[in-house]
Amino acid sequence: MKNIILLILLVANSIHFNAQNTITERKVVPILAPQTFFLNSQTNATFGGKNRTNLEINLPKNTVEWYYSFTTTKDMSSPPALNLLAQVTKLYDPTGITAMATTTLFSPSGVSVCDIFLLDKNNAKAFIDKGNKWRNTYNFIASGTRENYTNGTITITNPKTGTYYLGFKNPSLTEGLSVTVEVVAIIEEFKKVEPTDNENKANLFANLAQKAFAEHDYDKALELFSK
């Protein structure tokens, strides 16, 4: 029994030191800086204006989740600040522990209704070509899609890799609107950490204890392990 316990302790000790060579940190990175664009009404779009557009979203490597925030104003009014990057940065410390609920993310109140669709490349083109979604001429990803919203901040945990598009449409027949949008992501980074002097000494004793154990000198192994 003593030998079994010692073996378990030595193996656990070895795993412990190996695991301390790297740490995982989370980092907030911008995907799309705040920008504002104008969408014509559907009536004006009939005569050459545009009531829809899309923005390319390239998800960075090791994305854990990502967010987009938007708000709307009438016509070409000055856009309010979204501050999404600063807000999400406050949510996470480097170890990835959430500091506050994501429901606390704030977006300025909007005044005009907008439809937003999360699309892959093929469906983004069909969306711009004004396909009818009810006739399945383009498909959207429900997790990132919002219809009849004036503003909001949306958290997306899937998809997390690849290139996607946010498609924006003004559903109004008569009124144009401006949309301000910002996109950020949470990524994981794996960093190597140099061991401290005490950890190096402990690792040395662990290795010596393992060697003694392999030579069946269990008393010496236990003594070394205790150091």
# chains A, B, ... in the order shown; residues from 1 in each chain; ligands from 1
>>> residues_around(residues="Thr145 in chain A", least_positions_apart="4", cutoff="8 Å", atoms="only C-alpha atoms", output="MDAnalysis selection string")
chainID A and resid 115:118 140:141
>>> residues_around(residues="Ser143 in chain A", least_positions_apart="5", cutoff="9 Å", atoms="only C-alpha atoms", output="MDAnalysis selection string")
chainID A and resid 118 154:159
>>> write_last_selection(atoms="N, CA, C and O atoms", output="PDB file, in the first residue's frame")
ATOM      1  N   LEU A 118     -26.462  37.114 -39.771  1.00  0.00           N
ATOM      2  CA  LEU A 118     -25.136  36.503 -39.778  1.00  0.00           C
ATOM      3  C   LEU A 118     -25.111  35.496 -40.924  1.00  0.00           C
ATOM      4  O   LEU A 118     -25.934  34.569 -40.964  1.00  0.00           O
ATOM      5  N   ILE A 154     -24.715  41.733 -29.122  1.00  0.00           N
ATOM      6  CA  ILE A 154     -25.001  40.314 -29.312  1.00  0.00           C
ATOM      7  C   ILE A 154     -23.734  39.502 -29.057  1.00  0.00           C
ATOM      8  O   ILE A 154     -22.664  39.810 -29.600  1.00  0.00           O
ATOM      9  N   THR A 155     -23.854  38.464 -28.220  1.00  0.00           N
ATOM     10  CA  THR A 155     -22.755  37.543 -27.928  1.00  0.00           C
ATOM     11  C   THR A 155     -22.897  36.296 -28.783  1.00  0.00           C
ATOM     12  O   THR A 155     -23.977  35.694 -28.835  1.00  0.00           O
ATOM     13  N   ILE A 156     -21.811  35.899 -29.455  1.00  0.00           N
ATOM     14  CA  ILE A 156     -21.857  34.739 -30.339  1.00  0.00           C
ATOM     15  C   ILE A 156     -20.764  33.747 -29.916  1.00  0.00           C
ATOM     16  O   ILE A 156     -19.583  34.092 -29.869  1.00  0.00           O
ATOM     17  N   THR A 157     -21.175  32.534 -29.584  1.00  0.00           N
ATOM     18  CA  THR A 157     -20.233  31.479 -29.199  1.00  0.00           C
ATOM     19  C   THR A 157     -20.025  30.453 -30.309  1.00  0.00           C
ATOM     20  O   THR A 157     -19.145  29.603 -30.200  1.00  0.00           O
ATOM     21  N   ASN A 158     -20.822  30.529 -31.352  1.00  0.00           N
ATOM     22  CA  ASN A 158     -20.698  29.644 -32.505  1.00  0.00           C
ATOM     23  C   ASN A 158     -21.374  30.307 -33.705  1.00  0.00           C
ATOM     24  O   ASN A 158     -22.517  30.740 -33.563  1.00  0.00           O
ATOM     25  N   PRO A 159     -20.644  30.464 -34.816  1.00  0.00           N
ATOM     26  CA  PRO A 159     -19.324  29.947 -35.157  1.00  0.00           C
ATOM     27  C   PRO A 159     -18.188  30.722 -34.495  1.00  0.00           C
ATOM     28  O   PRO A 159     -18.361  31.879 -34.102  1.00  0.00           O
TER      29      PRO A 159
END
>>> residues_around(residues="Asn151 in chain A", least_positions_apart="3", cutoff="7 Å", atoms="only C-alpha atoms", output="mmCIF file with N, CA, C and O atoms, in the first residue's frame")
data_model
loop_
_atom_site.group_PDB
_atom_site.id
_atom_site.type_symbol
_atom_site.label_atom_id
_atom_site.label_comp_id
_atom_site.auth_asym_id
_atom_site.auth_seq_id
_atom_site.Cartn_x
_atom_site.Cartn_y
_atom_site.Cartn_z
ATOM 1 N N PHE A 70 -24.387 47.448 -32.004
ATOM 2 C CA PHE A 70 -24.844 48.391 -33.017
ATOM 3 C C PHE A 70 -25.924 49.303 -32.435
ATOM 4 O O PHE A 70 -26.564 49.001 -31.428
ATOM 5 N N THR A 71 -26.100 50.415 -33.100
ATOM 6 C CA THR A 71 -27.208 51.316 -32.792
ATOM 7 C C THR A 71 -27.583 52.043 -34.072
ATOM 8 O O THR A 71 -26.842 52.016 -35.069
ATOM 9 N N THR A 72 -28.746 52.689 -34.075
ATOM 10 C CA THR A 72 -29.253 53.344 -35.277
ATOM 11 C C THR A 72 -29.623 54.791 -34.981
ATOM 12 O O THR A 72 -30.013 55.141 -33.866
ATOM 13 N N SER A 107 -25.378 49.335 -25.226
ATOM 14 C CA SER A 107 -25.353 49.976 -26.541
ATOM 15 C C SER A 107 -26.320 51.152 -26.502
ATOM 16 O O SER A 107 -27.402 51.049 -25.929
ATOM 17 N N PRO A 108 -25.938 52.292 -27.075
ATOM 18 C CA PRO A 108 -26.812 53.471 -27.049
ATOM 19 C C PRO A 108 -28.149 53.185 -27.713
ATOM 20 O O PRO A 108 -28.225 52.441 -28.697
ATOM 21 N N SER A 109 -29.197 53.749 -27.184
ATOM 22 C CA SER A 109 -30.545 53.539 -27.719
ATOM 23 C C SER A 109 -30.616 53.982 -29.173
ATOM 24 O O SER A 109 -30.090 55.032 -29.552
ATOM 25 N N GLY A 110 -31.247 53.147 -29.998
ATOM 26 C CA GLY A 110 -31.443 53.489 -31.398
ATOM 27 C C GLY A 110 -32.832 54.056 -31.633
ATOM 28 O O GLY A 110 -33.701 54.013 -30.758
#
>>> closest_residue(among="A:Phe127, A:Phe190, A:Phe213, A:Tyr164", to="Ile31 in chain A", atoms="only C-alpha atoms")
A:Tyr164
>>> atom_distance(atom1="CA of Lys169 in chain A", atom2="CA of Cys114 in chain A")
6.0 Å
>>> atom_distance(atom1="CA of Asp129 in chain A", atom2="CA of Phe37 in chain A")
18.7 Å
>>> decode(residues="range 96-197 of chain A", atoms="C-alpha atoms", output="mmCIF file, in the first residue's frame")
data_model
loop_
_atom_site.group_PDB
_atom_site.id
_atom_site.type_symbol
_atom_site.label_atom_id
_atom_site.label_comp_id
_atom_site.auth_asym_id
_atom_site.auth_seq_id
_atom_site.Cartn_x
_atom_site.Cartn_y
_atom_site.Cartn_z
ATOM 1 C CA GLY A 96 -10.559 34.454 -18.478
ATOM 2 C CA ILE A 97 -12.671 34.822 -15.340
ATOM 3 C CA THR A 98 -15.748 36.866 -16.088
ATOM 4 C CA ALA A 99 -15.733 40.001 -13.965
ATOM 5 C CA MET A 100 -19.389 40.841 -14.587
ATOM 6 C CA ALA A 101 -22.348 39.492 -16.523
ATOM 7 C CA THR A 102 -22.320 40.051 -20.283
ATOM 8 C CA THR A 103 -25.840 41.433 -19.920
ATOM 9 C CA THR A 104 -24.221 44.583 -18.551
ATOM 10 C CA LEU A 105 -22.831 45.412 -22.004
ATOM 11 C CA PHE A 106 -24.437 48.654 -23.110
ATOM 12 C CA SER A 107 -25.353 49.976 -26.541
ATOM 13 C CA PRO A 108 -26.812 53.471 -27.049
ATOM 14 C CA SER A 109 -30.545 53.539 -27.719
ATOM 15 C CA GLY A 110 -31.443 53.489 -31.398
ATOM 16 C CA VAL A 111 -34.319 55.222 -33.133
ATOM 17 C CA SER A 112 -34.843 53.207 -36.320
ATOM 18 C CA VAL A 113 -35.496 49.504 -36.845
ATOM 19 C CA CYS A 114 -32.796 47.470 -38.608
ATOM 20 C CA ASP A 115 -32.471 43.801 -39.603
ATOM 21 C CA ILE A 116 -29.071 42.111 -39.127
ATOM 22 C CA PHE A 117 -28.195 38.668 -40.488
ATOM 23 C CA LEU A 118 -25.136 36.503 -39.778
ATOM 24 C CA LEU A 119 -24.154 34.916 -43.093
ATOM 25 C CA ASP A 120 -21.488 32.794 -44.705
ATOM 26 C CA LYS A 121 -19.821 33.937 -47.945
ATOM 27 C CA ASN A 122 -22.284 32.373 -50.404
ATOM 28 C CA ASN A 123 -25.342 33.576 -48.540
ATOM 29 C CA ALA A 124 -23.827 37.039 -48.087
ATOM 30 C CA LYS A 125 -23.776 37.421 -51.871
ATOM 31 C CA ALA A 126 -27.357 36.177 -52.144
ATOM 32 C CA PHE A 127 -28.346 38.641 -49.434
ATOM 33 C CA ILE A 128 -26.881 41.590 -51.373
ATOM 34 C CA ASP A 129 -28.630 40.297 -54.487
ATOM 35 C CA LYS A 130 -31.867 40.755 -52.497
ATOM 36 C CA GLY A 131 -32.861 37.141 -52.231
ATOM 37 C CA ASN A 132 -36.090 36.352 -50.412
ATOM 38 C CA LYS A 133 -35.234 34.499 -47.184
ATOM 39 C CA TRP A 134 -38.701 32.950 -47.002
ATOM 40 C CA ARG A 135 -38.030 31.305 -50.373
ATOM 41 C CA ASN A 136 -34.708 29.982 -49.114
ATOM 42 C CA THR A 137 -32.646 31.934 -51.641
ATOM 43 C CA TYR A 138 -30.326 32.774 -48.745
ATOM 44 C CA ASN A 139 -29.851 31.219 -45.358
ATOM 45 C CA PHE A 140 -28.651 32.904 -42.180
ATOM 46 C CA ILE A 141 -27.162 31.751 -38.882
ATOM 47 C CA ALA A 142 -29.755 32.285 -36.167
ATOM 48 C CA SER A 143 -27.308 32.792 -33.277
ATOM 49 C CA GLY A 144 -26.056 36.076 -34.731
ATOM 50 C CA THR A 145 -29.224 37.287 -36.450
ATOM 51 C CA ARG A 146 -31.540 39.990 -35.107
ATOM 52 C CA GLU A 147 -34.605 41.445 -36.842
ATOM 53 C CA ASN A 148 -36.560 44.587 -35.988
ATOM 54 C CA TYR A 149 -33.905 45.820 -33.536
ATOM 55 C CA THR A 150 -32.991 49.445 -32.981
ATOM 56 C CA ASN A 151 -29.810 48.661 -31.023
ATOM 57 C CA GLY A 152 -28.142 45.875 -29.075
ATOM 58 C CA THR A 153 -25.001 43.927 -28.186
ATOM 59 C CA ILE A 154 -25.001 40.314 -29.312
ATOM 60 C CA THR A 155 -22.755 37.543 -27.928
ATOM 61 C CA ILE A 156 -21.857 34.739 -30.339
ATOM 62 C CA THR A 157 -20.233 31.479 -29.199
ATOM 63 C CA ASN A 158 -20.698 29.644 -32.505
ATOM 64 C CA PRO A 159 -19.324 29.947 -35.157
ATOM 65 C CA LYS A 160 -15.837 30.675 -33.790
ATOM 66 C CA THR A 161 -13.586 30.093 -36.816
ATOM 67 C CA GLY A 162 -13.524 31.311 -40.392
ATOM 68 C CA THR A 163 -14.891 34.292 -42.306
ATOM 69 C CA TYR A 164 -18.491 35.434 -41.985
ATOM 70 C CA TYR A 165 -20.549 38.480 -42.836
ATOM 71 C CA LEU A 166 -23.001 40.695 -41.018
ATOM 72 C CA GLY A 167 -25.735 41.673 -43.436
ATOM 73 C CA PHE A 168 -27.670 44.872 -42.625
ATOM 74 C CA LYS A 169 -31.060 45.728 -44.104
ATOM 75 C CA ASN A 170 -33.334 48.719 -43.661
ATOM 76 C CA PRO A 171 -36.876 47.302 -43.649
ATOM 77 C CA SER A 172 -38.572 50.711 -43.769
ATOM 78 C CA LEU A 173 -40.435 51.643 -46.945
ATOM 79 C CA THR A 174 -39.984 55.395 -46.514
ATOM 80 C CA GLU A 175 -37.257 56.309 -44.010
ATOM 81 C CA GLY A 176 -33.500 55.971 -44.324
ATOM 82 C CA LEU A 177 -31.295 55.201 -41.335
ATOM 83 C CA SER A 178 -27.669 55.232 -40.255
ATOM 84 C CA VAL A 179 -26.131 52.207 -38.534
ATOM 85 C CA THR A 180 -23.081 52.309 -36.271
ATOM 86 C CA VAL A 181 -21.437 48.943 -35.565
ATOM 87 C CA GLU A 182 -18.371 47.569 -33.759
ATOM 88 C CA VAL A 183 -17.102 43.964 -33.475
ATOM 89 C CA VAL A 184 -14.637 42.431 -30.972
ATOM 90 C CA ALA A 185 -13.519 38.923 -30.007
ATOM 91 C CA ILE A 186 -12.187 37.047 -26.990
ATOM 92 C CA ILE A 187 -9.207 34.860 -27.889
ATOM 93 C CA GLU A 188 -7.169 32.374 -25.860
ATOM 94 C CA GLU A 189 -3.405 32.551 -25.803
ATOM 95 C CA PHE A 190 -1.085 29.859 -24.476
ATOM 96 C CA LYS A 191 2.073 31.259 -22.905
ATOM 97 C CA LYS A 192 5.150 29.505 -21.555
ATOM 98 C CA VAL A 193 6.089 30.426 -18.007
ATOM 99 C CA GLU A 194 9.617 30.120 -16.672
ATOM 100 C CA PRO A 195 9.693 28.194 -13.363
ATOM 101 C CA THR A 196 10.887 29.888 -10.167
ATOM 102 C CA ASP A 197 14.012 28.762 -8.287
#
